[in-house]
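Chemist: Here's a structure for you.
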Amino acid sequence: MPVEVRLPTVLRAAAAGQASVKAQGATIGEVLGDLTSTYPEMAGQVLAPDGGLHRFVNVYVNDDDVRYLDKLDTKVGEDDVVSILPAVAGG
Amino acid sequence: MRPVLVLPEAIWLGILAHCLDGQPHEACGLLAGHPADGRVLRWYPTANAAASARVYTVEPRDHLRADRDAGAAGLQIMGVFHSHTHTDAYPSATDLAQAPDPTWHYVVVSLRHETPALRSYRLADGKIAEEPVVVDDR
């Protein structure tokens with residue numbers, strides 16, 4: 001089913017400038033897999049080489065960080081909004 | 001157009017106060033506006049999830065809330081600020097390595113001396129470029 005995915009500015013160039021796109025999937029892993037398949041330039045910024053979530057992004061289903069849910073196995077429905085934001089950190 | 005960061009005086013003072021309040025830890029927050037003109041219209045103090053005097057991590061849920069608020073107002077998150085409690089207002093190697101967006105403004109507030117110092121940089125392609133900061137009273 002299609003799920004809305006909101007993109008941070010740093011990823012929008014890879015999606016022709018769109019702030020929000022639709023991706024298919026019943027879990028976060030499937031949604032991100034579909035997203036990075038449609039927009040391959042995002043792949044290295046969203047997913048780690050081992051297929052897990054990249055450490056420099058945070059992914060939310062509505063208000064919840066998926067790292068505190070079931071990570072990539074977190075279930076999503078078509079009324080959910082997935083948001084991707086960069087992890088902002090430094091020294 | 002030459003890069004510049006324009007900070008309304010009230011926001012500039014709010015950022016300095018948030019950084020002073022955060023001691024002994026580094027403090028951090030996000031800046032929002034219209035990226036094209038470099039003018040900050042809203043600012044969001046955020047928790048430092050690292051709770052450290054040496055590093056900062058913008059609390060992810062604070063970031064989500066700020067992003068939504070800015071988006072609802074037709075604005076974009078356009079930068080981040082954080083304090084250096086014992087070093088100058090210059091990006092560290094960690095700041096450069098972890099800069100999340102090459103279009104953002106990176107503000108560093110030094111609390112090393114009695115008077116705080118606020119400076120702004122662009123961090124892109126592994127390079128640090130300082131930009132002028134204009135504080136205005138509008």
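Identifiers in the structure tokens: chain A, B, ... in order shown; residue index from 1 per chain; ligand index from 1 in order shown.
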Leaving out Gln18 (chain A) and any residue of its chain fewer than 5 positions from it, which residues lie within 9 Å of it when counting only C-alpha atoms, given as a list of chain:residue names?
Modeler: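 Skipping anything fewer than 5 positions along the chain leaves A:Arg6, A:Leu7, A:Thr9, A:Leu11, A:Arg12, A:Ala13.
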Chemist: Could those selected residues go to a file with N, CA and C atoms, as an mmCIF file, in the first residue's frame?
Modeler:
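As written to disk, result08.cif reads:
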data_model
loop_
_atom_site.group_PDB
_atom_site.id
_atom_site.type_symbol
_atom_site.label_atom_id
_atom_site.label_comp_id
_atom_site.auth_asym_id
_atom_site.auth_seq_id
_atom_site.Cartn_x
_atom_site.Cartn_y
_atom_site.Cartn_z
ATOM 1 N N ARG A 6 7.978 11.758 4.067
ATOM 2 C CA ARG A 6 8.454 13.145 4.030
ATOM 3 C C ARG A 6 9.977 13.147 4.044
ATOM 4 N N LEU A 7 10.532 13.921 3.139
ATOM 5 C CA LEU A 7 11.982 13.910 2.949
ATOM 6 C C LEU A 7 12.626 15.176 3.508
ATOM 7 N N THR A 9 15.533 18.190 3.417
ATOM 8 C CA THR A 9 16.055 18.944 2.270
ATOM 9 C C THR A 9 17.231 18.224 1.617
ATOM 10 N N LEU A 11 17.765 15.228 1.041
ATOM 11 C CA LEU A 11 17.411 14.101 0.163
ATOM 12 C C LEU A 11 16.519 14.518 -1.013
ATOM 13 N N ARG A 12 16.042 15.752 -0.981
ATOM 14 C CA ARG A 12 15.044 16.142 -1.989
ATOM 15 C C ARG A 12 15.625 16.208 -3.401
ATOM 16 N N ALA A 13 16.888 16.540 -3.517
ATOM 17 C CA ALA A 13 17.491 16.629 -4.852
ATOM 18 C C ALA A 13 17.411 15.282 -5.563
#
Chemist: Quick check: residues of chain A within 8 Å of chain B, only C-alpha atoms, returned as a tab-separated table (two decimals) with N, CA and C atoms, in the first residue's frame.
Modeler:
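Everything below was put into iface14.tsv:
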chain	number	residue	atom	x	y	z
A	9	THR	N	15.53	18.19	3.42
A	9	THR	CA	16.06	18.94	2.27
A	9	THR	C	17.23	18.22	1.62
A	10	VAL	N	18.06	17.58	2.42
A	10	VAL	CA	19.27	16.97	1.87
A	10	VAL	C	18.96	15.80	0.94
A	56	PHE	N	23.20	7.96	10.49
A	56	PHE	CA	23.05	9.41	10.44
A	56	PHE	C	21.66	9.87	10.00
A	58	ASN	N	17.35	9.60	11.12
A	58	ASN	CA	16.30	9.15	12.03
A	58	ASN	C	15.03	9.01	11.22
A	63	ASP	N	4.72	10.09	15.15
A	63	ASP	CA	5.55	10.77	16.15
A	63	ASP	C	6.65	9.89	16.73
A	64	ASP	N	6.75	8.67	16.27
A	64	ASP	CA	7.64	7.73	16.96
A	64	ASP	C	8.86	7.36	16.13
A	65	ASP	N	10.01	7.41	16.79
A	65	ASP	CA	11.29	7.02	16.18
A	65	ASP	C	11.30	5.50	16.05
A	85	LEU	N	14.59	12.29	8.80
A	85	LEU	CA	15.34	13.50	9.12
A	85	LEU	C	16.79	13.12	9.36
A	86	PRO	N	17.71	14.03	9.04
A	86	PRO	CA	19.11	13.71	9.33
A	86	PRO	C	19.36	13.73	10.83
A	87	ALA	N	20.24	12.88	11.29
A	87	ALA	CA	20.70	12.98	12.68
A	87	ALA	C	21.62	14.20	12.73
A	88	VAL	N	21.36	15.09	13.67
A	88	VAL	CA	22.14	16.34	13.75
A	88	VAL	C	23.01	16.27	14.99
A	89	ALA	N	24.31	16.20	14.75
A	89	ALA	CA	25.23	16.03	15.88
A	89	ALA	C	26.58	16.61	15.50
A	90	GLY	N	27.40	16.83	16.52
A	90	GLY	CA	28.73	17.35	16.28
A	90	GLY	C	29.49	17.43	17.58
A	91	GLY	N	30.55	18.20	17.56
A	91	GLY	CA	31.39	18.25	18.75
A	91	GLY	C	31.65	19.66	19.22
Chemist: Skip Glu41 (chain A) itself and residues of its chain fewer than 4 positions away, then list as a PyMOL selection string all residues within 10 Å of it, counting only C-alpha atoms.
Modeler: chain A and resi 11+13-15+36-37+45-46
Chemist: Give me the residues within 12 Å of Ala129 (chain B) as an NGL selection string, counting only C-alpha atoms and dropping any in the same chain fewer than 4 places off.
Modeler: :B and (2-4 or 90-91 or 96 or 102 or 104-107 or 119-125)
Chemist: Output C-alpha atoms of each residue in that selection to a file, as a PDB file, in the first residue's frame.
Modeler:
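Output below, filename selection26.pdb:
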ATOM      1  CA  ARG B   2      27.341  35.952  -0.981  1.00  0.00           C
ATOM      2  CA  PRO B   3      26.244  33.676   1.849  1.00  0.00           C
ATOM      3  CA  VAL B   4      25.053  35.489   4.953  1.00  0.00           C
ATOM      4  CA  TYR B  90      34.986  27.492  15.066  1.00  0.00           C
ATOM      5  CA  PRO B  91      33.689  24.133  13.799  1.00  0.00           C
ATOM      6  CA  LEU B  96      32.638  19.069   9.774  1.00  0.00           C
ATOM      7  CA  PRO B 102      25.531  21.182   2.763  1.00  0.00           C
ATOM      8  CA  TRP B 104      22.555  24.586   6.061  1.00  0.00           C
ATOM      9  CA  HIS B 105      24.068  27.358   8.148  1.00  0.00           C
ATOM     10  CA  TYR B 106      26.188  26.078  11.037  1.00  0.00           C
ATOM     11  CA  VAL B 107      26.286  28.476  13.960  1.00  0.00           C
ATOM     12  CA  ARG B 119      29.818  32.913  14.319  1.00  0.00           C
ATOM     13  CA  SER B 120      28.314  31.120  11.342  1.00  0.00           C
ATOM     14  CA  TYR B 121      29.777  28.784   8.737  1.00  0.00           C
ATOM     15  CA  ARG B 122      28.893  26.758   5.691  1.00  0.00           C
ATOM     16  CA  LEU B 123      30.181  23.197   5.838  1.00  0.00           C
ATOM     17  CA  ALA B 124      30.246  21.455   2.490  1.00  0.00           C
ATOM     18  CA  ASP B 125      32.572  19.137   0.612  1.00  0.00           C
TER      19      ASP B 125
END
Chemist: As an exercise, work out the distance from CA of Leu72 (chain A) to CA of Pro45 (chain B) in Å and give it to one decimal place.
Modeler: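 Going from CA of Leu72 (chain A) over to CA of Pro45 (chain B) covers 29.6 Å.
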Chemist: Determine the nearest neighbour of Glu9 (chain B) from the options B:Ile128, B:His34, B:Ala51, B:Trp43, counting only C-alpha atoms.
Modeler: B:Trp43
Chemist: Quick one: everything within 10 Å of Thr85 (chain B), counting only C-alpha atoms, minus sequence neighbours fewer than 5 positions away in the same chain. Send it as a PyMOL selection string.
Modeler: chain B and resi 19-20+22-27+53-54+109-113+116
Chemist: Find the spatial neighbours of Ala43 (chain A), counting only C-alpha atoms, within a cut-off of 12 Å - ignore same-chain residues fewer than 4 positions away - and output them as a list in words.
Modeler: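 In the requested form, the answer reads Leu11, Ala14, Ala15, Leu32, Gly33, Asp34, Leu35, Thr36, Ser37, Thr38, Tyr39, Leu47, Ala48, Pro49, Asp50, Gly51, Gly52, Leu53, His54 and Val57 of chain A.
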Chemist: Next, dump the selected residues to file, keeping only C-alpha atoms, as a PDB file, in the first residue's frame.
Modeler:
ATOM      1  CA  LEU A  11      17.411  14.101   0.163  1.00  0.00           C
ATOM      2  CA  ALA A  14      17.436  12.870  -5.370  1.00  0.00           C
ATOM      3  CA  ALA A  15      13.623  13.044  -5.743  1.00  0.00           C
ATOM      4  CA  LEU A  32      12.619   2.351   2.515  1.00  0.00           C
ATOM      5  CA  GLY A  33      13.466  -0.449   0.089  1.00  0.00           C
ATOM      6  CA  ASP A  34      10.864   0.828  -2.362  1.00  0.00           C
ATOM      7  CA  LEU A  35      11.976   4.431  -1.818  1.00  0.00           C
ATOM      8  CA  THR A  36      15.633   3.694  -2.511  1.00  0.00           C
ATOM      9  CA  SER A  37      14.722   1.521  -5.459  1.00  0.00           C
ATOM     10  CA  THR A  38      12.750   4.409  -6.992  1.00  0.00           C
ATOM     11  CA  TYR A  39      15.397   6.975  -6.033  1.00  0.00           C
ATOM     12  CA  LEU A  47      20.474   2.568   4.529  1.00  0.00           C
ATOM     13  CA  ALA A  48      23.738   1.226   5.909  1.00  0.00           C
ATOM     14  CA  PRO A  49      25.857  -1.216   3.863  1.00  0.00           C
ATOM     15  CA  ASP A  50      24.499  -4.069   6.018  1.00  0.00           C
ATOM     16  CA  GLY A  51      20.933  -3.150   5.048  1.00  0.00           C
ATOM     17  CA  GLY A  52      20.087  -1.595   8.407  1.00  0.00           C
ATOM     18  CA  LEU A  53      19.141   1.983   9.042  1.00  0.00           C
ATOM     19  CA  HIS A  54      21.964   4.444   8.391  1.00  0.00           C
ATOM     20  CA  VAL A  57      19.316   9.389   9.782  1.00  0.00           C
TER      21      VAL A  57
END
Chemist: So which residues touch Val61 (chain A) within 10 Å, counting only C-alpha atoms, skipping near sequence neighbours fewer than 3 positions away, as a PyMOL selection string?
Modeler: chain A and resi 5+28+64-66+69+74-77+80-84
Chemist: Would you put the residues from that selection into a file with N, CA, C and O atoms, as a PDB file, in the first residue's frame?
Modeler:
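Here's the written file part25.pdb:
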ATOM      1  N   VAL A   5       5.951   9.530   2.504  1.00  0.00           N
ATOM      2  CA  VAL A   5       7.287   9.648   3.103  1.00  0.00           C
ATOM      3  C   VAL A   5       7.749  11.095   2.948  1.00  0.00           C
ATOM      4  O   VAL A   5       7.859  11.596   1.821  1.00  0.00           O
ATOM      5  N   ILE A  28       8.540  -0.545   7.619  1.00  0.00           N
ATOM      6  CA  ILE A  28       9.515   0.515   7.314  1.00  0.00           C
ATOM      7  C   ILE A  28      10.598  -0.009   6.372  1.00  0.00           C
ATOM      8  O   ILE A  28      11.024   0.679   5.445  1.00  0.00           O
ATOM      9  N   ASP A  64       6.749   8.668  16.270  1.00  0.00           N
ATOM     10  CA  ASP A  64       7.638   7.729  16.956  1.00  0.00           C
ATOM     11  C   ASP A  64       8.858   7.356  16.128  1.00  0.00           C
ATOM     12  O   ASP A  64       8.761   7.011  14.958  1.00  0.00           O
ATOM     13  N   ASP A  65      10.013   7.412  16.790  1.00  0.00           N
ATOM     14  CA  ASP A  65      11.287   7.023  16.183  1.00  0.00           C
ATOM     15  C   ASP A  65      11.298   5.496  16.052  1.00  0.00           C
ATOM     16  O   ASP A  65      11.117   4.783  17.046  1.00  0.00           O
ATOM     17  N   VAL A  66      11.522   5.009  14.832  1.00  0.00           N
ATOM     18  CA  VAL A  66      11.415   3.548  14.628  1.00  0.00           C
ATOM     19  C   VAL A  66      12.493   2.770  15.387  1.00  0.00           C
ATOM     20  O   VAL A  66      12.341   1.572  15.614  1.00  0.00           O
ATOM     21  N   LEU A  69      10.792   1.440  18.172  1.00  0.00           N
ATOM     22  CA  LEU A  69       9.689   0.526  17.848  1.00  0.00           C
ATOM     23  C   LEU A  69      10.334  -0.790  17.402  1.00  0.00           C
ATOM     24  O   LEU A  69      11.142  -1.346  18.139  1.00  0.00           O
ATOM     25  N   THR A  74       9.115  -2.314  11.778  1.00  0.00           N
ATOM     26  CA  THR A  74       7.959  -1.537  12.238  1.00  0.00           C
ATOM     27  C   THR A  74       6.881  -1.518  11.148  1.00  0.00           C
ATOM     28  O   THR A  74       7.158  -1.204   9.994  1.00  0.00           O
ATOM     29  N   LYS A  75       5.657  -1.838  11.549  1.00  0.00           N
ATOM     30  CA  LYS A  75       4.565  -1.899  10.571  1.00  0.00           C
ATOM     31  C   LYS A  75       4.023  -0.502  10.272  1.00  0.00           C
ATOM     32  O   LYS A  75       3.983   0.360  11.160  1.00  0.00           O
ATOM     33  N   VAL A  76       3.620  -0.308   9.026  1.00  0.00           N
ATOM     34  CA  VAL A  76       3.007   0.964   8.632  1.00  0.00           C
ATOM     35  C   VAL A  76       1.744   0.687   7.824  1.00  0.00           C
ATOM     36  O   VAL A  76       1.634  -0.340   7.142  1.00  0.00           O
ATOM     37  N   GLY A  77       0.804   1.622   7.927  1.00  0.00           N
ATOM     38  CA  GLY A  77      -0.432   1.547   7.150  1.00  0.00           C
ATOM     39  C   GLY A  77      -0.565   2.802   6.306  1.00  0.00           C
ATOM     40  O   GLY A  77       0.215   3.749   6.454  1.00  0.00           O
ATOM     41  N   ASP A  80      -0.499   6.214   7.868  1.00  0.00           N
ATOM     42  CA  ASP A  80       0.703   6.654   8.574  1.00  0.00           C
ATOM     43  C   ASP A  80       1.547   7.575   7.697  1.00  0.00           C
ATOM     44  O   ASP A  80       1.523   7.481   6.475  1.00  0.00           O
ATOM     45  N   VAL A  81       2.280   8.441   8.382  1.00  0.00           N
ATOM     46  CA  VAL A  81       3.239   9.299   7.686  1.00  0.00           C
ATOM     47  C   VAL A  81       4.631   8.932   8.177  1.00  0.00           C
ATOM     48  O   VAL A  81       4.887   8.902   9.389  1.00  0.00           O
ATOM     49  N   VAL A  82       5.498   8.621   7.233  1.00  0.00           N
ATOM     50  CA  VAL A  82       6.890   8.313   7.559  1.00  0.00           C
ATOM     51  C   VAL A  82       7.713   9.575   7.316  1.00  0.00           C
ATOM     52  O   VAL A  82       7.595  10.197   6.258  1.00  0.00           O
ATOM     53  N   SER A  83       8.501   9.960   8.297  1.00  0.00           N
ATOM     54  CA  SER A  83       9.371  11.132   8.147  1.00  0.00           C
ATOM     55  C   SER A  83      10.821  10.692   8.282  1.00  0.00           C
ATOM     56  O   SER A  83      11.158   9.923   9.189  1.00  0.00           O
ATOM     57  N   ILE A  84      11.648  11.190   7.390  1.00  0.00           N
ATOM     58  CA  ILE A  84      13.082  10.937   7.471  1.00  0.00           C
ATOM     59  C   ILE A  84      13.757  12.269   7.778  1.00  0.00           C
ATOM     60  O   ILE A  84      13.494  13.274   7.109  1.00  0.00           O
TER      61      ILE A  84
END
Chemist: To test your reading of the structure, identify every residue in chain A that backbone DSSP assigns to alpha helix (DSSP H), and report it as a PyMOL selection string.
Modeler: chain A and resi 9-12+28-38+43-46
Chemist: Next, dump the selected residues to file, keeping only C-alpha atoms, as a PDB file, in the first residue's frame.
Modeler:
ATOM      1  CA  THR A   9      16.055  18.944   2.270  1.00  0.00           C
ATOM      2  CA  VAL A  10      19.266  16.971   1.870  1.00  0.00           C
ATOM      3  CA  LEU A  11      17.411  14.101   0.163  1.00  0.00           C
ATOM      4  CA  ARG A  12      15.044  16.142  -1.989  1.00  0.00           C
ATOM      5  CA  ILE A  28       9.515   0.515   7.314  1.00  0.00           C
ATOM      6  CA  GLY A  29      12.054  -1.807   5.716  1.00  0.00           C
ATOM      7  CA  GLU A  30       9.794  -2.365   2.707  1.00  0.00           C
ATOM      8  CA  VAL A  31       8.950   1.333   2.419  1.00  0.00           C
ATOM      9  CA  LEU A  32      12.619   2.351   2.515  1.00  0.00           C
ATOM     10  CA  GLY A  33      13.466  -0.449   0.089  1.00  0.00           C
ATOM     11  CA  ASP A  34      10.864   0.828  -2.362  1.00  0.00           C
ATOM     12  CA  LEU A  35      11.976   4.431  -1.818  1.00  0.00           C
ATOM     13  CA  THR A  36      15.633   3.694  -2.511  1.00  0.00           C
ATOM     14  CA  SER A  37      14.722   1.521  -5.459  1.00  0.00           C
ATOM     15  CA  THR A  38      12.750   4.409  -6.992  1.00  0.00           C
ATOM     16  CA  ALA A  43      20.278   4.566  -0.889  1.00  0.00           C
ATOM     17  CA  GLY A  44      23.666   5.340   0.645  1.00  0.00           C
ATOM     18  CA  GLN A  45      22.209   8.090   2.835  1.00  0.00           C
ATOM     19  CA  VAL A  46      19.254   6.131   4.201  1.00  0.00           C
TER      20      VAL A  46
END
Chemist: At what distance in Å, to one decimal, does CA of Ile15 (chain B) lie from CA of Asp37 (chain B)?
Modeler: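 Computing it gives 19.8 Å between the two atoms.
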Chemist: Quote the spacing between CA of Glu130 (chain B) and CA of Ala19 (chain A) in Å to one decimal place.
Modeler: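 Separation of CA of Glu130 (chain B) and CA of Ala19 (chain A): 28.4 Å.
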